[in-house]
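Structure file model_29.cif with mmCIF, C-alpha atoms:
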```
data_query
loop_
_atom_site.group_PDB
_atom_site.id
_atom_site.type_symbol
_atom_site.label_atom_id
_atom_site.label_comp_id
_atom_site.auth_asym_id
_atom_site.auth_seq_id
_atom_site.Cartn_x
_atom_site.Cartn_y
_atom_site.Cartn_z
ATOM 1 C CA MET A 363 -3.835 -41.304 52.034
ATOM 2 C CA ASN A 364 -2.583 -42.459 55.422
ATOM 3 C CA ASP A 365 -0.779 -45.769 55.798
ATOM 4 C CA SER A 366 -0.714 -47.961 58.886
ATOM 5 C CA LEU A 367 1.967 -49.843 60.762
ATOM 6 C CA ARG A 368 0.355 -52.861 62.393
ATOM 7 C CA LEU A 369 1.704 -54.389 65.604
ATOM 8 C CA VAL A 370 0.571 -57.742 66.996
ATOM 9 C CA SER A 371 0.979 -59.129 70.496
ATOM 10 C CA THR A 372 3.804 -61.626 70.957
ATOM 11 C CA PRO A 373 5.255 -63.546 73.911
ATOM 12 C CA ASP A 374 7.400 -61.551 76.320
ATOM 13 C CA GLY A 375 10.923 -61.023 75.019
ATOM 14 C CA PRO A 376 14.163 -60.734 76.963
ATOM 15 C CA ASP A 377 14.663 -57.717 79.177
ATOM 16 C CA PRO A 378 17.020 -55.133 77.703
ATOM 17 C CA SER A 379 20.437 -55.054 79.317
ATOM 18 C CA PRO A 380 22.696 -52.013 79.727
ATOM 19 C CA GLU A 381 25.046 -51.473 76.805
ATOM 20 C CA HIS A 382 27.969 -49.202 76.084
ATOM 21 C CA LYS A 383 26.915 -46.156 74.117
ATOM 22 C CA LYS A 384 28.665 -44.501 71.210
ATOM 23 C CA SER A 385 28.144 -41.295 69.282
ATOM 24 C CA TYR A 386 26.544 -41.647 65.850
ATOM 25 C CA SER A 387 26.766 -38.977 63.170
ATOM 26 C CA ILE A 388 23.645 -39.187 61.000
ATOM 27 C CA SER A 389 24.039 -37.331 57.710
ATOM 28 C CA CYS A 390 20.772 -35.695 56.633
ATOM 29 C CA SER A 391 19.295 -32.636 54.978
ATOM 30 C CA SER A 392 19.158 -29.444 56.986
ATOM 31 C CA SER A 393 15.356 -29.422 56.781
ATOM 32 C CA PHE A 394 15.203 -33.000 58.130
ATOM 33 C CA ARG A 395 17.582 -32.055 60.945
ATOM 34 C CA ASP A 396 15.485 -29.021 61.841
ATOM 35 C CA ARG A 397 12.245 -31.023 61.853
ATOM 36 C CA ILE A 398 13.764 -33.673 64.120
ATOM 37 C CA LEU A 399 15.138 -31.079 66.529
ATOM 38 C CA ASP A 400 11.766 -29.296 66.553
ATOM 39 C CA LEU A 401 9.904 -32.560 67.263
ATOM 40 C CA ALA A 402 12.355 -33.454 70.027
ATOM 41 C CA ALA A 403 11.956 -30.017 71.607
ATOM 42 C CA ARG A 404 8.158 -30.270 71.498
ATOM 43 C CA ARG A 405 8.309 -33.677 73.184
ATOM 44 C CA GLY A 406 10.896 -32.605 75.746
ATOM 45 C CA VAL A 407 13.467 -35.165 74.588
ATOM 46 C CA ASN A 408 16.473 -35.299 72.271
ATOM 47 C CA ALA A 409 17.017 -36.839 68.835
ATOM 48 C CA ALA A 410 18.514 -39.995 70.346
ATOM 49 C CA ASP A 411 15.361 -40.518 72.422
ATOM 50 C CA LEU A 412 13.215 -40.290 69.284
ATOM 51 C CA ALA A 413 15.340 -42.825 67.418
ATOM 52 C CA ARG A 414 15.497 -45.132 70.444
ATOM 53 C CA SER A 415 11.720 -45.030 70.905
ATOM 54 C CA VAL A 416 11.067 -46.061 67.318
ATOM 55 C CA MET A 417 13.727 -48.787 67.403
ATOM 56 C CA LEU A 418 12.265 -50.209 70.628
ATOM 57 C CA MET A 419 8.599 -50.045 69.614
ATOM 58 C CA LEU A 420 8.756 -51.290 66.032
ATOM 59 C CA PRO A 421 10.069 -54.633 64.748
ATOM 60 C CA PRO A 422 13.557 -54.243 63.242
ATOM 61 C CA ASP A 423 12.408 -55.420 59.803
ATOM 62 C CA VAL A 424 9.759 -52.675 59.731
ATOM 63 C CA VAL A 425 12.369 -49.993 60.411
ATOM 64 C CA VAL A 426 14.848 -51.444 57.904
ATOM 65 C CA ALA A 427 12.132 -51.584 55.212
ATOM 66 C CA ALA A 428 11.046 -47.976 55.826
ATOM 67 C CA ALA A 429 11.788 -45.235 53.307
ATOM 68 C CA ASP A 430 15.176 -43.592 53.776
ATOM 69 C CA PRO A 431 14.921 -39.785 54.075
ATOM 70 C CA GLY A 432 18.387 -39.682 52.520
ATOM 71 C CA GLY A 433 21.360 -37.422 52.931
ATOM 72 C CA PRO A 434 21.734 -33.750 52.018
ATOM 73 C CA GLU A 435 21.830 -32.352 48.503
ATOM 74 C CA ARG A 436 25.194 -31.205 47.144
ATOM 75 C CA GLU A 437 24.492 -27.538 47.904
ATOM 76 C CA ASP A 438 22.932 -28.230 51.325
ATOM 77 C CA ARG A 439 25.641 -27.379 53.861
ATOM 78 C CA GLU A 440 25.833 -25.914 57.366
ATOM 79 C CA THR A 441 28.496 -23.617 58.807
ATOM 80 C CA VAL A 442 30.066 -24.460 62.164
ATOM 81 C CA THR A 443 32.943 -22.986 64.140
ATOM 82 C CA LEU A 444 35.908 -25.285 64.694
ATOM 83 C CA LYS A 445 36.529 -25.796 68.397
ATOM 84 C CA SER A 446 39.954 -27.389 68.244
ATOM 85 C CA GLY A 447 42.981 -27.959 66.037
ATOM 86 C CA PRO A 448 44.926 -25.516 63.866
ATOM 87 C CA GLY A 449 41.725 -23.972 62.553
ATOM 88 C CA LYS A 450 40.166 -23.412 65.967
ATOM 89 C CA GLY A 451 37.699 -20.540 65.907
ATOM 90 C CA LYS A 452 37.363 -20.555 62.117
ATOM 91 C CA PRO A 453 34.095 -21.254 60.271
ATOM 92 C CA TRP A 454 33.794 -24.581 58.415
ATOM 93 C CA ARG A 455 31.113 -25.675 55.987
ATOM 94 C CA ARG A 456 30.039 -29.298 56.280
ATOM 95 C CA LYS A 457 27.141 -31.632 55.545
ATOM 96 C CA PRO A 458 24.194 -31.222 57.925
ATOM 97 C CA ARG A 459 23.993 -33.988 60.501
ATOM 98 C CA LEU A 460 22.433 -35.147 63.720
ATOM 99 C CA GLN A 461 24.587 -36.385 66.589
ATOM 100 C CA VAL A 462 23.000 -39.068 68.776
ATOM 101 C CA ARG A 463 24.352 -41.308 71.514
ATOM 102 C CA LEU A 464 22.988 -44.833 71.420
ATOM 103 C CA PRO A 465 24.172 -48.377 72.189
ATOM 104 C CA GLU A 466 26.747 -49.812 69.812
ATOM 105 C CA GLY A 467 25.686 -51.841 66.796
ATOM 106 C CA TYR A 468 23.306 -49.528 64.954
ATOM 107 C CA ASP A 469 23.557 -48.561 61.288
ATOM 108 C CA PRO A 470 23.336 -44.757 60.876
ATOM 109 C CA VAL A 471 21.119 -45.236 57.805
ATOM 110 C CA VAL A 472 18.676 -47.335 59.841
ATOM 111 C CA LEU A 473 18.703 -44.672 62.561
ATOM 112 C CA ARG A 474 17.864 -42.076 59.909
ATOM 113 C CA LYS A 475 14.953 -44.266 58.787
ATOM 114 C CA ALA A 476 13.783 -44.547 62.402
ATOM 115 C CA LEU A 477 13.827 -40.770 62.752
ATOM 116 C CA GLY A 478 11.922 -40.486 59.469
ATOM 117 C CA LEU A 479 9.259 -42.806 60.894
ATOM 118 C CA ALA A 480 9.083 -40.615 64.000
ATOM 119 C CA LEU A 481 8.312 -37.609 61.788
ATOM 120 C CA ASP A 482 5.691 -39.549 59.817
ATOM 121 C CA LEU A 483 3.999 -40.748 63.004
ATOM 122 C CA ASP A 484 3.986 -37.217 64.397
ATOM 123 C CA ALA A 485 2.559 -35.818 61.139
ATOM 124 C CA GLY A 486 -0.140 -38.505 61.000
ATOM 125 C CA THR A 487 0.946 -39.895 57.632
ATOM 126 C CA LEU A 488 1.599 -43.175 59.450
ATOM 127 C CA ARG A 489 -0.173 -44.644 62.445
ATOM 128 C CA ILE A 490 0.329 -47.686 64.657
ATOM 129 C CA GLU A 491 -2.502 -50.193 65.068
ATOM 130 C CA ILE A 492 -2.185 -52.667 67.940
ATOM 131 C CA GLU A 493 -4.035 -55.921 67.314
ATOM 132 C CA PRO A 494 -4.062 -59.399 68.892
ATOM 133 C CA ALA A 495 -1.781 -62.002 67.368
ATOM 134 C CA GLY A 496 -3.558 -64.033 64.720
ATOM 135 C CA THR A 497 -5.428 -61.072 63.260
ATOM 136 C CA PRO A 498 -5.044 -61.229 59.465
ATOM 137 C CA THR A 499 -2.554 -58.673 58.187
ATOM 138 C CA ARG A 500 -3.301 -56.304 55.337
ATOM 139 C CA GLU A 501 -1.135 -58.483 53.097
ATOM 140 C CA ALA A 502 -3.143 -61.563 54.117
ATOM 141 C CA ASP A 503 -6.389 -59.712 53.402
ATOM 142 C CA ARG A 504 -5.124 -58.755 49.946
ATOM 143 C CA ALA A 505 -3.994 -62.326 49.259
ATOM 144 C CA ALA A 506 -7.395 -63.684 50.321
ATOM 145 C CA ALA A 507 -9.211 -61.150 48.128
ATOM 146 C CA LYS A 508 -6.993 -62.038 45.160
ATOM 147 C CA ALA A 509 -7.649 -65.754 45.700
ATOM 148 C CA GLN A 510 -11.389 -65.074 45.833
ATOM 149 C CA GLN A 511 -11.198 -63.103 42.582
ATOM 150 C CA THR A 512 -9.348 -66.008 40.957
ATOM 151 C CA ARG A 513 -11.995 -68.467 42.141
ATOM 152 C CA LEU A 514 -14.794 -66.263 40.824
ATOM 153 C CA ARG A 515 -13.028 -65.823 37.483
ATOM 154 C CA ASP A 516 -12.535 -69.584 37.160
ATOM 155 C CA GLU A 517 -16.186 -70.195 38.068
ATOM 156 C CA ASN A 518 -17.317 -67.660 35.468
ATOM 157 C CA ASP A 519 -15.165 -69.396 32.856
ATOM 158 C CA ARG A 520 -16.741 -72.754 33.712
ATOM 159 C CA LEU A 521 -20.255 -71.294 33.577
ATOM 160 C CA ARG A 522 -19.525 -69.580 30.276
ATOM 161 C CA THR A 523 -18.283 -72.876 28.826
ATOM 162 C CA ALA A 524 -21.348 -74.720 30.139
ATOM 163 C CA LEU A 525 -23.680 -72.119 28.628
ATOM 164 C CA SER A 526 -21.901 -72.363 25.298
ATOM 165 C CA ILE A 527 -22.314 -76.139 25.263
ATOM 166 C CA ALA A 528 -25.948 -75.991 26.408
ATOM 167 C CA GLY A 529 -26.712 -73.359 23.784
ATOM 168 C CA GLY A 530 -25.661 -75.645 20.964
ATOM 169 C CA ASP A 531 -23.763 -74.737 17.824
ATOM 170 C CA LYS A 532 -23.829 -71.225 16.433
ATOM 171 C CA LEU A 533 -25.049 -70.642 12.916
ATOM 172 C CA GLY A 534 -21.763 -69.254 11.749
ATOM 173 C CA HIS A 535 -23.540 -66.860 9.381
ATOM 174 C CA ALA A 536 -26.349 -64.299 9.417
ATOM 175 C CA VAL A 537 -29.902 -65.517 10.080
ATOM 176 C CA ARG A 538 -31.519 -66.137 6.672
ATOM 177 C CA THR A 539 -34.626 -68.256 7.279
ATOM 178 C CA LYS A 540 -37.449 -68.633 9.773
ATOM 179 C CA ASP A 541 -36.142 -72.042 10.851
ATOM 180 C CA GLU A 542 -32.730 -70.543 11.561
ATOM 181 C CA ALA A 543 -34.342 -67.733 13.560
ATOM 182 C CA LEU A 544 -36.364 -70.245 15.612
ATOM 183 C CA PHE A 545 -33.230 -72.359 16.128
ATOM 184 C CA VAL A 546 -31.312 -69.369 17.476
ATOM 185 C CA LEU A 547 -34.218 -68.525 19.803
ATOM 186 C CA GLY A 548 -34.240 -72.084 21.124
ATOM 187 C CA PHE A 549 -37.462 -73.350 19.542
ATOM 188 C CA PRO A 550 -37.593 -76.859 18.008
ATOM 189 C CA PRO A 551 -37.936 -77.305 14.220
ATOM 190 C CA GLY A 552 -41.502 -76.940 12.929
ATOM 191 C CA SER A 553 -42.748 -75.097 16.018
ATOM 192 C CA ARG A 554 -45.101 -72.143 15.640
ATOM 193 C CA PRO A 555 -44.586 -69.905 18.700
ATOM 194 C CA ASP A 556 -46.694 -66.779 18.888
ATOM 195 C CA SER A 557 -45.273 -63.272 19.182
ATOM 196 C CA ALA A 558 -45.520 -63.208 22.991
ATOM 197 C CA ARG A 559 -43.535 -66.456 23.370
ATOM 198 C CA ILE A 560 -40.889 -65.251 20.939
ATOM 199 C CA LYS A 561 -40.441 -61.972 22.844
ATOM 200 C CA ALA A 562 -40.320 -63.776 26.191
ATOM 201 C CA ARG A 563 -37.712 -66.242 24.921
ATOM 202 C CA PHE A 564 -35.632 -63.410 23.491
ATOM 203 C CA ARG A 565 -35.640 -61.598 26.850
ATOM 204 C CA GLN A 566 -34.616 -64.785 28.681
ATOM 205 C CA LEU A 567 -31.715 -65.512 26.360
ATOM 206 C CA ALA A 568 -30.633 -61.866 26.164
ATOM 207 C CA THR A 569 -30.354 -61.798 29.959
ATOM 208 C CA ILE A 570 -27.839 -64.644 29.708
ATOM 209 C CA HIS A 571 -25.892 -63.725 26.582
ATOM 210 C CA HIS A 572 -25.762 -59.926 26.815
ATOM 211 C CA PRO A 573 -22.111 -58.787 27.143
ATOM 212 C CA ASP A 574 -22.945 -56.855 30.325
ATOM 213 C CA SER A 575 -24.200 -59.970 32.121
ATOM 214 C CA GLY A 576 -20.729 -61.142 33.135
ATOM 215 C CA LEU A 577 -21.279 -64.401 31.273
ATOM 216 C CA GLY A 578 -22.138 -62.756 27.988
ATOM 217 C CA ASP A 579 -21.354 -63.959 24.502
ATOM 218 C CA THR A 580 -21.207 -61.222 21.883
ATOM 219 C CA ASP A 581 -21.606 -63.627 18.952
ATOM 220 C CA ARG A 582 -24.705 -65.284 20.416
ATOM 221 C CA MET A 583 -26.182 -61.895 21.304
ATOM 222 C CA THR A 584 -25.658 -60.808 17.705
ATOM 223 C CA GLU A 585 -27.465 -63.942 16.477
ATOM 224 C CA LEU A 586 -30.321 -63.308 18.923
ATOM 225 C CA ASN A 587 -30.754 -59.758 17.641
ATOM 226 C CA GLN A 588 -30.708 -60.999 14.045
ATOM 227 C CA ALA A 589 -33.241 -63.735 14.842
ATOM 228 C CA MET A 590 -35.572 -61.307 16.602
ATOM 229 C CA SER A 591 -35.278 -58.806 13.764
ATOM 230 C CA PHE A 592 -36.001 -61.558 11.225
ATOM 231 C CA MET A 593 -39.096 -62.745 13.133
ATOM 232 C CA ARG A 594 -40.456 -59.194 13.389
ATOM 233 C CA GLY A 595 -40.099 -58.803 9.625
ATOM 234 C CA TYR A 596 -41.589 -62.252 9.024
ATOM 235 C CA GLU A 597 -44.657 -61.452 11.141
ATOM 236 C CA LYS A 598 -45.249 -58.195 9.249
ATOM 237 C CA ASN A 599 -45.193 -60.052 5.963
#
```
Once more with this new file: its structure as structure tokens, please.
Amino acid sequence: MNDSLRLVSTPDGPDPSPEHKKSYSISCSSSFRDRILDLAARRGVNAADLARSVMLMLPPDVVVAAADPGGPEREDRETVTLKSGPGKGKPWRRKPRLQVRLPEGYDPVVLRKALGLALDLDAGTLRIEIEPAGTPTREADRAAAKAQQTRLRDENDRLRTALSIAGGDKLGHAVRTKDEALFVLGFPPGSRPDSARIKARFRQLATIHHPDSGLGDTDRMTELNQAMSFMRGYEKN
């Protein structure tokens, strides 16, 4: 599933000023190095341009919080030829790396994260969405949805409590008499409802107390079923 990086419009910031550049050695896996060099070649730029583009376009905290592609595994090494010193001309195995020239002050790990973001953006696993300032962020949307769920849960709890109070006391035991059955079905003592009224009342109460209703009460539904079963047997007799 693709993720999104969301950018919002902000007031104009200060214009960048020229800075002294330095060479950064970014330790990385050979496969990461090759993918970066391939992406740079396809875009007609170099690795430093890719890192600089990400660092300029994205807020610093977004880059810092990004996943770190990490350094090379223990067995992942590249062979280079020494160009100076006593060993000039000899092969030397070292950790794979990317050399980039950028202004002073960057952390090589953050630069590696920036290059990782460049690969993710190119692959489509991340995308940038530009929205006006004030547009709710995904985090704000999630917080609002969670708050709404809490409100609904609290409202359901209040309704369930109100229904329990309005329904009166439960028998506390199995239905044993006609009066108890009528009580459970909500009929007053001494009433003589016909079969149609009993069935209608059962359906009304079952709609409220059935466990699948969202406000259901398993104990009351059990009593309703017992009361209805008792009344069916009573009518047959």
Length of the CA of Asp411 (chain A) to CA of Ala428 (chain A) vector [Å]:
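Computing it gives 18.7 Å between the two atoms.
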Mind checking which residues fall within 10 Å of Ala409 (chain A), counting all atoms listed in the file, ignoring those fewer than 4 positions away in the same chain, and posting them as a ChimeraX atom specification?
/A:395,398-403,413-415,460-463,477
So that I have them on file, write out the residues from the current selection with C-alpha atoms, as a short mmCIF file (atom, residue, chain, number, x, y, z; two decimals), keeping the file's coordinate frame.
```
data_model
loop_
_atom_site.label_atom_id
_atom_site.label_comp_id
_atom_site.auth_asym_id
_atom_site.auth_seq_id
_atom_site.Cartn_x
_atom_site.Cartn_y
_atom_site.Cartn_z
CA ARG A 395 17.58 -32.06 60.94
CA ILE A 398 13.76 -33.67 64.12
CA LEU A 399 15.14 -31.08 66.53
CA ASP A 400 11.77 -29.30 66.55
CA LEU A 401 9.90 -32.56 67.26
CA ALA A 402 12.36 -33.45 70.03
CA ALA A 403 11.96 -30.02 71.61
CA ALA A 413 15.34 -42.82 67.42
CA ARG A 414 15.50 -45.13 70.44
CA SER A 415 11.72 -45.03 70.90
CA LEU A 460 22.43 -35.15 63.72
CA GLN A 461 24.59 -36.38 66.59
CA VAL A 462 23.00 -39.07 68.78
CA ARG A 463 24.35 -41.31 71.51
CA LEU A 477 13.83 -40.77 62.75
#
```
Step by step, work through what the PyMOL selection byres ((chain A and resi 591) around 12) selects in the shown file, and finish by giving those residues as an MDAnalysis selection string.
chainID A and resid 536:540 543:544 546:547 560:561 564 584:590 592:598
Please, what distance in Å, to one decimal, runs between CA of Pro470 (chain A) and CA of Arg397 (chain A)?
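CA of Arg397 (chain A) lies 17.7 Å from CA of Pro470 (chain A).
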List the residues selected by the PyMOL selection byres ((chain A and resi 421-425) around 8) in the file shown, writing them as a list in words.
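Evaluating the PyMOL selection byres ((chain A and resi 421-425) around 8) on these coordinates yields Met417, Leu418, Met419, Leu420, Val426, Ala427, Ala428, Val472, Lys475, Ala476 and Leu479 of chain A.
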Missing atoms in region 551-581 of chain A: can you complete it with N, CA and C atoms, as a compact mmCIF listing (two decimals), in the coordinates of the input?
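selection-v9.txt was written with the following content:
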```txt
# COMPACT_ATOMS: atom_id res chain seq x y z
N PRO A 551 -37.53 -77.42 15.63
CA PRO A 551 -37.94 -77.31 14.22
C PRO A 551 -39.44 -77.56 14.07
N GLY A 552 -40.08 -76.77 13.20
CA GLY A 552 -41.50 -76.94 12.93
C GLY A 552 -42.43 -76.32 13.95
N SER A 553 -41.89 -75.72 15.00
CA SER A 553 -42.75 -75.10 16.02
C SER A 553 -43.32 -73.79 15.47
N ARG A 554 -44.44 -73.38 16.08
CA ARG A 554 -45.10 -72.14 15.64
C ARG A 554 -45.40 -71.26 16.86
N PRO A 555 -44.36 -70.75 17.52
CA PRO A 555 -44.59 -69.90 18.70
C PRO A 555 -45.22 -68.58 18.30
N ASP A 556 -46.09 -68.08 19.19
CA ASP A 556 -46.69 -66.78 18.89
C ASP A 556 -45.73 -65.66 19.26
N SER A 557 -46.14 -64.44 18.97
CA SER A 557 -45.27 -63.27 19.18
C SER A 557 -44.88 -63.12 20.64
N ALA A 558 -45.81 -63.37 21.56
CA ALA A 558 -45.52 -63.21 22.99
C ALA A 558 -44.44 -64.19 23.45
N ARG A 559 -44.53 -65.45 22.98
CA ARG A 559 -43.54 -66.46 23.37
C ARG A 559 -42.16 -66.12 22.79
N ILE A 560 -42.16 -65.62 21.57
CA ILE A 560 -40.89 -65.25 20.94
C ILE A 560 -40.21 -64.12 21.72
N LYS A 561 -41.00 -63.10 22.10
CA LYS A 561 -40.44 -61.97 22.84
C LYS A 561 -39.95 -62.42 24.22
N ALA A 562 -40.72 -63.29 24.87
CA ALA A 562 -40.32 -63.78 26.19
C ALA A 562 -39.02 -64.57 26.11
N ARG A 563 -38.92 -65.44 25.08
CA ARG A 563 -37.71 -66.24 24.92
C ARG A 563 -36.50 -65.35 24.62
N PHE A 564 -36.72 -64.33 23.80
CA PHE A 564 -35.63 -63.41 23.49
C PHE A 564 -35.12 -62.74 24.76
N ARG A 565 -36.05 -62.27 25.61
CA ARG A 565 -35.64 -61.60 26.85
C ARG A 565 -34.86 -62.55 27.76
N GLN A 566 -35.31 -63.80 27.85
CA GLN A 566 -34.62 -64.78 28.68
C GLN A 566 -33.18 -65.01 28.20
N LEU A 567 -33.04 -65.24 26.90
CA LEU A 567 -31.72 -65.51 26.36
C LEU A 567 -30.82 -64.27 26.37
N ALA A 568 -31.42 -63.10 26.15
CA ALA A 568 -30.63 -61.87 26.16
C ALA A 568 -30.07 -61.60 27.55
N THR A 569 -30.84 -61.96 28.59
CA THR A 569 -30.35 -61.80 29.96
C THR A 569 -29.08 -62.61 30.19
N ILE A 570 -29.01 -63.77 29.55
CA ILE A 570 -27.84 -64.64 29.71
C ILE A 570 -26.67 -64.21 28.83
N HIS A 571 -26.96 -63.92 27.56
CA HIS A 571 -25.89 -63.72 26.58
C HIS A 571 -25.46 -62.27 26.39
N HIS A 572 -26.16 -61.33 26.99
CA HIS A 572 -25.76 -59.93 26.82
C HIS A 572 -24.35 -59.72 27.38
N PRO A 573 -23.49 -58.98 26.68
CA PRO A 573 -22.11 -58.79 27.14
C PRO A 573 -22.00 -58.20 28.54
N ASP A 574 -23.01 -57.46 29.00
CA ASP A 574 -22.94 -56.86 30.32
C ASP A 574 -23.33 -57.82 31.44
N SER A 575 -23.72 -59.04 31.10
CA SER A 575 -24.20 -59.97 32.12
C SER A 575 -23.08 -60.61 32.93
N GLY A 576 -21.84 -60.49 32.46
CA GLY A 576 -20.73 -61.14 33.14
C GLY A 576 -20.45 -62.51 32.57
N LEU A 577 -21.44 -63.11 31.95
CA LEU A 577 -21.28 -64.40 31.27
C LEU A 577 -21.63 -64.26 29.80
N GLY A 578 -21.65 -63.04 29.33
CA GLY A 578 -22.14 -62.76 27.99
C GLY A 578 -21.31 -63.34 26.86
N ASP A 579 -21.98 -63.45 25.73
CA ASP A 579 -21.35 -63.96 24.50
C ASP A 579 -21.79 -63.04 23.37
N THR A 580 -20.87 -62.22 22.90
CA THR A 580 -21.21 -61.22 21.88
C THR A 580 -21.75 -61.86 20.61
N ASP A 581 -21.15 -62.97 20.18
CA ASP A 581 -21.61 -63.63 18.95
C ASP A 581 -23.03 -64.14 19.09
```
